[in-house]
$ cat protein.cif   # mmCIF, C-alpha atoms
data_protein
#
loop_
_atom_site.group_PDB
_atom_site.id
_atom_site.type_symbol
_atom_site.label_atom_id
_atom_site.label_comp_id
_atom_site.auth_asym_id
_atom_site.auth_seq_id
_atom_site.Cartn_x
_atom_site.Cartn_y
_atom_site.Cartn_z
ATOM 1 C CA MET A 1 0.000 0.000 0.000
ATOM 2 C CA ALA A 2 1.237 3.442 -0.873
ATOM 3 C CA PHE A 3 -0.089 6.966 -0.639
ATOM 4 C CA TYR A 4 -1.361 8.839 -3.658
ATOM 5 C CA GLU A 5 -2.809 12.198 -4.577
ATOM 6 C CA ASN A 6 -5.277 12.460 -7.393
ATOM 7 C CA THR A 7 -6.560 15.709 -8.895
ATOM 8 C CA ILE A 8 -9.347 15.871 -11.439
ATOM 9 C CA ILE A 9 -10.559 18.865 -13.408
ATOM 10 C CA ALA A 10 -14.249 18.868 -14.244
ATOM 11 C CA LYS A 11 -16.011 20.990 -16.839
ATOM 12 C CA GLN A 12 -17.004 24.462 -15.751
ATOM 13 C CA ASP A 13 -20.595 24.348 -16.999
ATOM 14 C CA LEU A 14 -21.758 21.658 -14.595
ATOM 15 C CA ALA A 15 -24.388 22.205 -11.936
ATOM 16 C CA GLU A 16 -23.540 21.971 -8.260
ATOM 17 C CA LYS A 17 -25.525 18.761 -8.059
ATOM 18 C CA ASP A 18 -23.463 17.064 -10.743
ATOM 19 C CA LEU A 19 -20.235 18.145 -9.084
ATOM 20 C CA ASN A 20 -21.271 16.600 -5.809
ATOM 21 C CA SER A 21 -22.240 13.391 -7.579
ATOM 22 C CA ILE A 22 -18.823 13.258 -9.303
ATOM 23 C CA LYS A 23 -17.101 13.831 -5.982
ATOM 24 C CA ASP A 24 -19.069 11.035 -4.317
ATOM 25 C CA LYS A 25 -18.624 8.741 -7.302
ATOM 26 C CA TYR A 26 -14.828 8.698 -7.178
ATOM 27 C CA ASN A 27 -14.856 8.570 -3.416
ATOM 28 C CA GLU A 28 -16.857 5.360 -3.707
ATOM 29 C CA ILE A 29 -14.669 3.926 -6.477
ATOM 30 C CA ILE A 30 -11.526 4.342 -4.402
ATOM 31 C CA ASN A 31 -13.097 2.914 -1.279
ATOM 32 C CA LYS A 32 -14.509 -0.089 -3.130
ATOM 33 C CA SER A 33 -11.338 -1.091 -4.993
ATOM 34 C CA SER A 34 -9.214 -1.883 -1.931
ATOM 35 C CA GLY A 35 -8.314 1.733 -1.245
ATOM 36 C CA LYS A 36 -9.022 4.229 1.465
ATOM 37 C CA VAL A 37 -9.770 7.933 1.039
ATOM 38 C CA ILE A 38 -8.005 10.068 3.615
ATOM 39 C CA LYS A 39 -9.030 13.544 2.559
ATOM 40 C CA ILE A 40 -11.021 15.301 -0.141
ATOM 41 C CA GLU A 41 -10.332 18.910 -1.057
ATOM 42 C CA LYS A 42 -12.484 21.071 -3.273
ATOM 43 C CA TRP A 43 -10.375 23.777 -4.831
ATOM 44 C CA GLY A 44 -13.353 25.309 -6.590
ATOM 45 C CA LEU A 45 -13.552 27.080 -9.918
ATOM 46 C CA LEU A 46 -10.072 28.143 -11.086
ATOM 47 C CA ASN A 47 -8.784 29.769 -14.239
ATOM 48 C CA LEU A 48 -6.788 27.455 -16.468
ATOM 49 C CA ALA A 49 -3.404 28.744 -17.600
ATOM 50 C CA TYR A 50 -4.174 27.606 -21.135
ATOM 51 C CA LYS A 51 -7.228 26.284 -22.946
ATOM 52 C CA ILE A 52 -7.974 22.612 -22.387
ATOM 53 C CA LYS A 53 -10.547 21.230 -24.789
ATOM 54 C CA ASN A 54 -11.735 24.807 -25.393
ATOM 55 C CA TYR A 55 -12.465 25.426 -21.714
ATOM 56 C CA LYS A 56 -11.002 28.409 -19.914
ATOM 57 C CA LYS A 57 -12.037 27.451 -16.392
ATOM 58 C CA GLY A 58 -12.333 24.212 -14.497
ATOM 59 C CA PHE A 59 -13.566 22.750 -11.267
ATOM 60 C CA TYR A 60 -10.741 21.128 -9.286
ATOM 61 C CA ILE A 61 -11.332 18.186 -6.957
ATOM 62 C CA HIS A 62 -8.375 16.776 -5.041
ATOM 63 C CA TYR A 63 -8.191 13.353 -3.341
ATOM 64 C CA LYS A 64 -5.597 12.086 -0.912
ATOM 65 C CA PHE A 65 -5.831 8.307 -0.564
ATOM 66 C CA GLU A 66 -4.093 5.078 0.226
ATOM 67 C CA GLY A 67 -4.195 2.225 -2.257
ATOM 68 C CA ASN A 68 -2.397 -0.149 -4.630
ATOM 69 C CA ASP A 69 -2.180 -0.706 -8.376
ATOM 70 C CA LYS A 70 -5.697 -2.127 -8.450
ATOM 71 C CA THR A 71 -7.103 1.157 -7.204
ATOM 72 C CA LEU A 72 -5.120 3.162 -9.714
ATOM 73 C CA ASN A 73 -6.230 1.000 -12.632
ATOM 74 C CA GLU A 74 -9.842 1.310 -11.582
ATOM 75 C CA ILE A 75 -9.686 5.108 -11.314
ATOM 76 C CA ASN A 76 -7.859 5.515 -14.626
ATOM 77 C CA LYS A 77 -10.406 3.375 -16.399
ATOM 78 C CA LYS A 78 -13.358 5.295 -14.978
ATOM 79 C CA ILE A 79 -11.820 8.706 -15.657
ATOM 80 C CA LYS A 80 -11.046 7.868 -19.274
ATOM 81 C CA ILE A 81 -14.699 7.040 -19.927
ATOM 82 C CA ASP A 82 -16.048 9.998 -17.986
ATOM 83 C CA GLY A 83 -16.980 12.860 -20.309
ATOM 84 C CA ALA A 84 -17.285 15.466 -17.586
ATOM 85 C CA ILE A 85 -13.586 15.373 -16.716
ATOM 86 C CA ILE A 86 -11.092 17.324 -18.796
ATOM 87 C CA ARG A 87 -7.854 16.300 -17.176
ATOM 88 C CA HIS A 88 -6.423 14.377 -14.221
ATOM 89 C CA LEU A 89 -3.101 13.768 -12.477
ATOM 90 C CA THR A 90 -2.027 11.130 -9.973
ATOM 91 C CA VAL A 91 1.126 11.521 -7.903
ATOM 92 C CA LYS A 92 2.730 8.993 -5.559
ATOM 93 C CA TYR A 93 3.961 10.060 -2.138
ATOM 94 C CA ASN A 94 5.821 8.371 0.676
ATOM 95 C CA LYS A 95 4.189 10.672 3.193
ATOM 96 C CA LEU A 96 1.053 12.738 2.894
ATOM 97 C CA ASP A 97 0.784 16.116 4.537
ATOM 98 C CA THR A 98 -2.858 16.778 5.276
ATOM 99 C CA LYS A 99 -2.200 20.057 7.077
ATOM 100 C CA ASN A 100 -1.226 22.397 4.250
ATOM 101 C CA GLU A 101 -4.004 23.579 1.969
ATOM 102 C CA TYR A 102 -2.760 25.765 -0.819
ATOM 103 C CA PHE A 103 -6.157 26.512 -2.328
ATOM 104 C CA LYS A 104 -8.249 27.788 0.542
ATOM 105 C CA LYS A 105 -11.238 29.855 -0.413
ATOM 106 C CA ASP A 106 -10.875 32.601 2.181
ATOM 107 C CA LYS A 107 -8.120 34.658 0.637
ATOM 108 C CA MET B 1 52.835 31.498 8.311
ATOM 109 C CA LYS B 2 49.299 31.326 9.681
ATOM 110 C CA LYS B 3 48.944 35.087 9.824
ATOM 111 C CA ARG B 4 49.947 35.433 6.216
ATOM 112 C CA ASN B 5 47.404 32.883 5.101
ATOM 113 C CA LYS B 6 44.608 34.715 6.843
ATOM 114 C CA LYS B 7 45.476 37.968 5.157
ATOM 115 C CA PHE B 8 45.578 36.309 1.783
ATOM 116 C CA GLN B 9 42.140 34.777 2.218
ATOM 117 C CA ARG B 10 40.538 37.991 3.303
ATOM 118 C CA LYS B 11 41.712 39.761 0.206
ATOM 119 C CA ASN B 12 40.419 37.033 -2.045
ATOM 120 C CA SER B 13 36.998 36.791 -0.469
ATOM 121 C CA ASN B 14 36.164 40.442 -1.034
ATOM 122 C CA SER B 15 34.921 40.708 -4.580
ATOM 123 C CA LEU B 16 35.082 44.489 -4.673
ATOM 124 C CA ASN B 17 38.777 44.502 -3.896
ATOM 125 C CA LYS B 18 39.907 44.057 -7.466
ATOM 126 C CA LEU B 19 43.222 45.018 -8.976
ATOM 127 C CA SER B 20 41.956 45.682 -12.493
ATOM 128 C CA LEU B 21 38.703 45.946 -14.392
ATOM 129 C CA PHE B 22 39.327 42.754 -16.336
ATOM 130 C CA GLN B 23 39.790 40.585 -13.292
ATOM 131 C CA LYS B 24 36.997 38.048 -12.894
ATOM 132 C CA ASN B 25 34.434 38.868 -10.253
ATOM 133 C CA ASP B 26 34.459 35.872 -7.899
ATOM 134 C CA GLY B 27 31.706 36.942 -5.536
ATOM 135 C CA ARG B 28 29.083 37.409 -8.179
ATOM 136 C CA PHE B 29 27.371 34.026 -8.049
ATOM 137 C CA SER B 30 28.185 33.132 -4.472
ATOM 138 C CA LYS B 31 24.597 33.683 -3.236
ATOM 139 C CA LYS B 32 23.342 30.744 -1.212
ATOM 140 C CA CYS B 33 20.475 28.537 -2.317
ATOM 141 C CA PRO B 34 17.171 30.042 -1.091
ATOM 142 C CA LEU B 35 15.492 26.624 -0.868
ATOM 143 C CA SER B 36 18.126 24.877 1.252
ATOM 144 C CA ILE B 37 17.916 27.079 4.346
ATOM 145 C CA LYS B 38 16.088 26.192 7.548
ATOM 146 C CA ASN B 39 12.292 26.334 7.320
ATOM 147 C CA ALA B 40 12.487 26.582 3.548
ATOM 148 C CA PRO B 41 9.177 26.517 1.645
ATOM 149 C CA VAL B 42 7.951 23.121 0.444
ATOM 150 C CA ILE B 43 8.505 22.414 -3.248
ATOM 151 C CA ASP B 44 5.205 20.994 -4.432
ATOM 152 C CA TYR B 45 3.057 21.272 -7.538
ATOM 153 C CA LYS B 46 0.263 22.743 -5.418
ATOM 154 C CA ASN B 47 2.450 25.547 -4.088
ATOM 155 C CA ILE B 48 2.030 27.794 -7.111
ATOM 156 C CA ALA B 49 3.110 31.005 -5.385
ATOM 157 C CA LEU B 50 6.576 29.507 -4.985
ATOM 158 C CA LEU B 51 6.791 27.931 -8.441
ATOM 159 C CA LYS B 52 5.828 31.190 -10.156
ATOM 160 C CA LYS B 53 9.057 32.781 -8.922
ATOM 161 C CA TYR B 54 11.098 30.256 -10.889
ATOM 162 C CA VAL B 55 9.215 30.542 -14.163
ATOM 163 C CA SER B 56 9.695 33.328 -16.709
ATOM 164 C CA ASP B 57 6.822 35.306 -18.210
ATOM 165 C CA ASN B 58 6.766 33.001 -21.219
ATOM 166 C CA GLY B 59 6.422 29.923 -19.020
ATOM 167 C CA LYS B 60 10.043 28.836 -19.268
ATOM 168 C CA ILE B 61 11.882 27.458 -16.271
ATOM 169 C CA ILE B 62 14.619 29.858 -15.149
ATOM 170 C CA SER B 63 18.103 28.337 -14.959
ATOM 171 C CA SER B 64 19.754 27.794 -11.590
ATOM 172 C CA LYS B 65 22.659 30.022 -12.639
ATOM 173 C CA ILE B 66 20.383 33.011 -12.312
ATOM 174 C CA THR B 67 18.295 31.925 -9.326
ATOM 175 C CA SER B 68 21.210 30.231 -7.488
ATOM 176 C CA VAL B 69 19.131 27.201 -6.511
ATOM 177 C CA SER B 70 21.171 24.112 -5.628
ATOM 178 C CA PHE B 71 21.397 21.238 -8.100
ATOM 179 C CA GLY B 72 19.168 18.825 -6.194
ATOM 180 C CA LYS B 73 16.476 21.401 -5.532
ATOM 181 C CA GLN B 74 16.509 22.571 -9.142
ATOM 182 C CA LYS B 75 15.843 19.015 -10.291
ATOM 183 C CA LYS B 76 12.894 18.790 -7.918
ATOM 184 C CA LEU B 77 11.634 22.195 -9.002
ATOM 185 C CA THR B 78 11.551 21.286 -12.690
ATOM 186 C CA LYS B 79 9.618 18.111 -11.940
ATOM 187 C CA GLU B 80 7.007 19.927 -9.875
ATOM 188 C CA ILE B 81 6.689 22.769 -12.389
ATOM 189 C CA LYS B 82 5.981 20.264 -15.143
ATOM 190 C CA LYS B 83 3.299 18.621 -13.012
ATOM 191 C CA ALA B 84 1.655 21.979 -12.406
ATOM 192 C CA LYS B 85 1.712 22.671 -16.127
ATOM 193 C CA VAL B 86 -0.144 19.419 -16.840
ATOM 194 C CA LEU B 87 -2.943 20.516 -14.532
ATOM 195 C CA GLY B 88 -3.132 23.956 -16.128
ATOM 196 C CA LEU B 89 -2.098 25.729 -12.953
ATOM 197 C CA LEU B 90 0.974 27.470 -14.410
#

$ encode --input "protein.cif" --output "C-alpha cells"
Amino acid sequence: MAFYENTIIAKQDLAEKDLNSIKDKYNEIINKSSGKVIKIEKWGLLNLAYKIKNYKKGFYIHYKFEGNDKTLNEINKKIKIDGAIIRHLTVKYNKLDTKNEYFKKDK
Amino acid sequence: MKKRNKKFQRKNSNSLNKLSLFQKNDGRFSKKCPLSIKNAPVIDYKNIALLKKYVSDNGKIISSKITSVSFGKQKKLTKEIKKAKVLGLL
C-alpha cells in the first residue's frame, strides 16, 4: 500500500448537483477497490493557464488516498470514460501532509 | 605562516577589492540557495506562489545560474513545475 494524490478537473458548466455526484462517485470507487480515502479537497472554480478542450475554467477536486495498483487501474479506467472530466493527475507520495491547503477559499 | 594565510584569504573573499577591471568577479554568483535554508518553503506542484518565482513570463523554467538554486532542488523544481503545467495551474 502506498499513498497517492489524485486531482481531477471537471467541466465548468456543470451544476452543483453534478459536481457533488462526481465527488461522491470517485470517493466510492476508491473505497470499493481496496483503497481508502483520507481527505477530499475542493479547490473550486479556477482559471486554467491555457485552454484545455476549449475550456477556460475548471472545477478542481483533489483526493488524498491510500491504495495499490488495483485502485489506480480502476480510477484511470473510470476517468477515461467519464466525459465530464477534462484532465487528471495522480502523484505517488511516501508521506502525505494533510495540514497544508494551498487553495483555501478565504483569501 | 598562519597570519599570512589569513590575510591572503581575506583579500580574495572580497569581490570588490579588485586590482583591475578585467579581473573576474568571484563573488558574483556566491549567493546561497534560497530553498536549502532552515524552514524553507515546500517544493510541491500545489504551491504555485513559490513555483511562479522560478518561471519566466513566457512559461520557461529559469536556470539555476540566475536563481542560485542548488542542483538537487533545481531538479525537484523542474519536476514539480511540469506537473503543475499538466494541470493547467501554471

$ closest_residue --input "protein.cif" --among "A:Lys42, A:His62, A:Lys25, A:Lys92" --to "A:Asn6" --atoms "all atoms listed in the file"
A:His62

$ interface_residues --input "protein.cif" --of "chain B" --to "chain A" --cutoff "8 Å" --atoms "all atoms listed in the file" --output "ChimeraX atom specification"
/B:46-47,86-90

$ residues_around --input "protein.cif" --residues "B:Thr67" --least-positions-apart "6" --cutoff "10 Å" --atoms "all atoms listed in the file" --output "list in words"
Phe29, Lys31, Lys32, Cys33, Pro34, Lys53, Tyr54 and Gln74 of chain B

$ resolve_selection --input "protein.cif" --expression "the PyMOL selection byres ((chain A and resi 3) around 12)" --output "mmCIF file with C-alpha atoms, in the coordinates of the input"
data_model
loop_
_atom_site.group_PDB
_atom_site.id
_atom_site.type_symbol
_atom_site.label_atom_id
_atom_site.label_comp_id
_atom_site.auth_asym_id
_atom_site.auth_seq_id
_atom_site.Cartn_x
_atom_site.Cartn_y
_atom_site.Cartn_z
ATOM 1 C CA MET A 1 0.000 0.000 0.000
ATOM 2 C CA ALA A 2 1.237 3.442 -0.873
ATOM 3 C CA TYR A 4 -1.361 8.839 -3.658
ATOM 4 C CA GLU A 5 -2.809 12.198 -4.577
ATOM 5 C CA ASN A 6 -5.277 12.460 -7.393
ATOM 6 C CA GLY A 35 -8.314 1.733 -1.245
ATOM 7 C CA LYS A 36 -9.022 4.229 1.465
ATOM 8 C CA VAL A 37 -9.770 7.933 1.039
ATOM 9 C CA ILE A 38 -8.005 10.068 3.615
ATOM 10 C CA LYS A 39 -9.030 13.544 2.559
ATOM 11 C CA TYR A 63 -8.191 13.353 -3.341
ATOM 12 C CA LYS A 64 -5.597 12.086 -0.912
ATOM 13 C CA PHE A 65 -5.831 8.307 -0.564
ATOM 14 C CA GLU A 66 -4.093 5.078 0.226
ATOM 15 C CA GLY A 67 -4.195 2.225 -2.257
ATOM 16 C CA ASN A 68 -2.397 -0.149 -4.630
ATOM 17 C CA ASP A 69 -2.180 -0.706 -8.376
ATOM 18 C CA THR A 71 -7.103 1.157 -7.204
ATOM 19 C CA LEU A 72 -5.120 3.162 -9.714
ATOM 20 C CA THR A 90 -2.027 11.130 -9.973
ATOM 21 C CA VAL A 91 1.126 11.521 -7.903
ATOM 22 C CA LYS A 92 2.730 8.993 -5.559
ATOM 23 C CA TYR A 93 3.961 10.060 -2.138
ATOM 24 C CA ASN A 94 5.821 8.371 0.676
ATOM 25 C CA LYS A 95 4.189 10.672 3.193
ATOM 26 C CA LEU A 96 1.053 12.738 2.894
ATOM 27 C CA ASP A 97 0.784 16.116 4.537
ATOM 28 C CA THR A 98 -2.858 16.778 5.276
#

$ resolve_selection --input "protein.cif" --expression "the PyMOL selection byres ((chain B and resi 45) around 7)" --output "list in words"
Asp44, Lys46, Asn47, Ile48, Glu80, Ile81, Lys83 and Ala84 of chain B

$ resolve_selection --input "protein.cif" --expression "the PyMOL selection byres ((chain B and resi 60) around 12)" --output "short mmCIF file (atom, residue, chain, number, x, y, z; two decimals) with C-alpha atoms, in the coordinates of the input"
data_model
loop_
_atom_site.label_atom_id
_atom_site.label_comp_id
_atom_site.auth_asym_id
_atom_site.auth_seq_id
_atom_site.Cartn_x
_atom_site.Cartn_y
_atom_site.Cartn_z
CA LEU B 51 6.79 27.93 -8.44
CA LYS B 52 5.83 31.19 -10.16
CA LYS B 53 9.06 32.78 -8.92
CA TYR B 54 11.10 30.26 -10.89
CA VAL B 55 9.22 30.54 -14.16
CA SER B 56 9.70 33.33 -16.71
CA ASP B 57 6.82 35.31 -18.21
CA ASN B 58 6.77 33.00 -21.22
CA GLY B 59 6.42 29.92 -19.02
CA ILE B 61 11.88 27.46 -16.27
CA ILE B 62 14.62 29.86 -15.15
CA SER B 63 18.10 28.34 -14.96
CA THR B 78 11.55 21.29 -12.69
CA ILE B 81 6.69 22.77 -12.39
CA LYS B 82 5.98 20.26 -15.14
CA LYS B 85 1.71 22.67 -16.13
CA LEU B 90 0.97 27.47 -14.41
#

$ residues_around --input "protein.cif" --residues "A:Glu74" --least-positions-apart "3" --cutoff "9 Å" --atoms "all atoms listed in the file" --output "PyMOL selection string"
chain A and resi 29-30+33+69-71+77-79

$ atom_distance --input "protein.cif" --atom1 "atom CA of B:Phe22" --atom2 "atom CA of B:Ser64"
25.1 Å

$ closest_residue --input "protein.cif" --among "A:Lys32, A:Lys11, A:Lys17, A:Lys80" --to "A:Asn54" --atoms "all atoms listed in the file"
A:Lys11

$ atom_distance --input "protein.cif" --atom1 "atom CA of A:Ile85" --atom2 "atom CA of A:Ser34"
23.1 Å

$ atom_distance --input "protein.cif" --atom1 "atom CA of A:Asn27" --atom2 "atom CA of A:Ile75"
10.1 Å

$ axis_aligned_box --input "protein.cif" --around "stretch 85-99 of chain A" --padding-each-side "3 Å" --output "lines of an AutoDock Vina configuration file"
center_x = -3.9
center_y = 14.2
center_z = -5.9
size_x = 25.4
size_y = 17.7
size_z = 31.9

$ decode --input "protein.cif" --residues "stretch 50-76 of chain B" --atoms "N, CA and C atoms" --output "PDB file, in the first residue's frame"
ATOM      1  N   LEU B  50       5.131  29.738  -4.960  1.00  0.00           N
ATOM      2  CA  LEU B  50       6.576  29.507  -4.985  1.00  0.00           C
ATOM      3  C   LEU B  50       7.065  29.220  -6.406  1.00  0.00           C
ATOM      4  N   LEU B  51       6.336  28.359  -7.112  1.00  0.00           N
ATOM      5  CA  LEU B  51       6.791  27.931  -8.441  1.00  0.00           C
ATOM      6  C   LEU B  51       6.819  29.102  -9.422  1.00  0.00           C
ATOM      7  N   LYS B  52       5.900  30.069  -9.226  1.00  0.00           N
ATOM      8  CA  LYS B  52       5.828  31.190 -10.156  1.00  0.00           C
ATOM      9  C   LYS B  52       7.105  32.019 -10.143  1.00  0.00           C
ATOM     10  N   LYS B  53       7.817  32.009  -9.017  1.00  0.00           N
ATOM     11  CA  LYS B  53       9.057  32.781  -8.922  1.00  0.00           C
ATOM     12  C   LYS B  53      10.121  32.207  -9.843  1.00  0.00           C
ATOM     13  N   TYR B  54      10.045  30.915 -10.125  1.00  0.00           N
ATOM     14  CA  TYR B  54      11.098  30.256 -10.889  1.00  0.00           C
ATOM     15  C   TYR B  54      10.692  29.970 -12.328  1.00  0.00           C
ATOM     16  N   VAL B  55       9.665  30.693 -12.784  1.00  0.00           N
ATOM     17  CA  VAL B  55       9.215  30.542 -14.163  1.00  0.00           C
ATOM     18  C   VAL B  55       9.189  31.923 -14.801  1.00  0.00           C
ATOM     19  N   SER B  56       9.684  32.036 -16.030  1.00  0.00           N
ATOM     20  CA  SER B  56       9.695  33.328 -16.709  1.00  0.00           C
ATOM     21  C   SER B  56       8.284  33.678 -17.186  1.00  0.00           C
ATOM     22  N   ASP B  57       8.136  34.863 -17.758  1.00  0.00           N
ATOM     23  CA  ASP B  57       6.822  35.306 -18.210  1.00  0.00           C
ATOM     24  C   ASP B  57       6.282  34.433 -19.334  1.00  0.00           C
ATOM     25  N   ASN B  58       7.196  33.850 -20.113  1.00  0.00           N
ATOM     26  CA  ASN B  58       6.766  33.001 -21.219  1.00  0.00           C
ATOM     27  C   ASN B  58       6.516  31.564 -20.799  1.00  0.00           C
ATOM     28  N   GLY B  59       6.655  31.274 -19.498  1.00  0.00           N
ATOM     29  CA  GLY B  59       6.422  29.923 -19.020  1.00  0.00           C
ATOM     30  C   GLY B  59       7.651  29.045 -19.028  1.00  0.00           C
ATOM     31  N   LYS B  60       8.816  29.634 -19.281  1.00  0.00           N
ATOM     32  CA  LYS B  60      10.043  28.836 -19.268  1.00  0.00           C
ATOM     33  C   LYS B  60      10.585  28.739 -17.849  1.00  0.00           C
ATOM     34  N   ILE B  61      11.254  27.628 -17.568  1.00  0.00           N
ATOM     35  CA  ILE B  61      11.882  27.458 -16.271  1.00  0.00           C
ATOM     36  C   ILE B  61      13.206  28.224 -16.261  1.00  0.00           C
ATOM     37  N   ILE B  62      13.409  29.041 -15.215  1.00  0.00           N
ATOM     38  CA  ILE B  62      14.619  29.858 -15.149  1.00  0.00           C
ATOM     39  C   ILE B  62      15.793  29.013 -14.666  1.00  0.00           C
ATOM     40  N   SER B  63      16.945  29.185 -15.274  1.00  0.00           N
ATOM     41  CA  SER B  63      18.103  28.337 -14.959  1.00  0.00           C
ATOM     42  C   SER B  63      18.628  28.644 -13.564  1.00  0.00           C
ATOM     43  N   SER B  64      19.283  27.645 -12.966  1.00  0.00           N
ATOM     44  CA  SER B  64      19.754  27.794 -11.590  1.00  0.00           C
ATOM     45  C   SER B  64      20.941  28.752 -11.515  1.00  0.00           C
ATOM     46  N   LYS B  65      21.563  29.053 -12.632  1.00  0.00           N
ATOM     47  CA  LYS B  65      22.659  30.022 -12.639  1.00  0.00           C
ATOM     48  C   LYS B  65      22.157  31.389 -12.205  1.00  0.00           C
ATOM     49  N   ILE B  66      20.949  31.702 -12.626  1.00  0.00           N
ATOM     50  CA  ILE B  66      20.383  33.011 -12.312  1.00  0.00           C
ATOM     51  C   ILE B  66      19.760  33.017 -10.926  1.00  0.00           C
ATOM     52  N   THR B  67      19.035  31.935 -10.589  1.00  0.00           N
ATOM     53  CA  THR B  67      18.295  31.925  -9.326  1.00  0.00           C
ATOM     54  C   THR B  67      19.132  31.373  -8.179  1.00  0.00           C
ATOM     55  N   SER B  68      20.296  30.802  -8.483  1.00  0.00           N
ATOM     56  CA  SER B  68      21.210  30.231  -7.488  1.00  0.00           C
ATOM     57  C   SER B  68      20.548  29.188  -6.605  1.00  0.00           C
ATOM     58  N   VAL B  69      19.710  28.342  -7.219  1.00  0.00           N
ATOM     59  CA  VAL B  69      19.131  27.201  -6.511  1.00  0.00           C
ATOM     60  C   VAL B  69      20.100  26.031  -6.643  1.00  0.00           C
ATOM     61  N   SER B  70      20.221  25.221  -5.588  1.00  0.00           N
ATOM     62  CA  SER B  70      21.171  24.112  -5.628  1.00  0.00           C
ATOM     63  C   SER B  70      20.723  23.062  -6.648  1.00  0.00           C
ATOM     64  N   PHE B  71      21.662  22.179  -7.014  1.00  0.00           N
ATOM     65  CA  PHE B  71      21.397  21.238  -8.100  1.00  0.00           C
ATOM     66  C   PHE B  71      20.221  20.309  -7.789  1.00  0.00           C
ATOM     67  N   GLY B  72      20.232  19.761  -6.571  1.00  0.00           N
ATOM     68  CA  GLY B  72      19.168  18.825  -6.194  1.00  0.00           C
ATOM     69  C   GLY B  72      17.808  19.484  -6.174  1.00  0.00           C
ATOM     70  N   LYS B  73      17.763  20.704  -5.637  1.00  0.00           N
ATOM     71  CA  LYS B  73      16.476  21.401  -5.532  1.00  0.00           C
ATOM     72  C   LYS B  73      15.980  21.818  -6.909  1.00  0.00           C
ATOM     73  N   GLN B  74      16.910  22.167  -7.790  1.00  0.00           N
ATOM     74  CA  GLN B  74      16.509  22.571  -9.142  1.00  0.00           C
ATOM     75  C   GLN B  74      15.856  21.406  -9.873  1.00  0.00           C
ATOM     76  N   LYS B  75      16.416  20.215  -9.673  1.00  0.00           N
ATOM     77  CA  LYS B  75      15.843  19.015 -10.291  1.00  0.00           C
ATOM     78  C   LYS B  75      14.411  18.810  -9.820  1.00  0.00           C
ATOM     79  N   LYS B  76      14.221  18.964  -8.491  1.00  0.00           N
ATOM     80  CA  LYS B  76      12.894  18.790  -7.918  1.00  0.00           C
ATOM     81  C   LYS B  76      11.942  19.860  -8.442  1.00  0.00           C
TER      82      LYS B  76
END
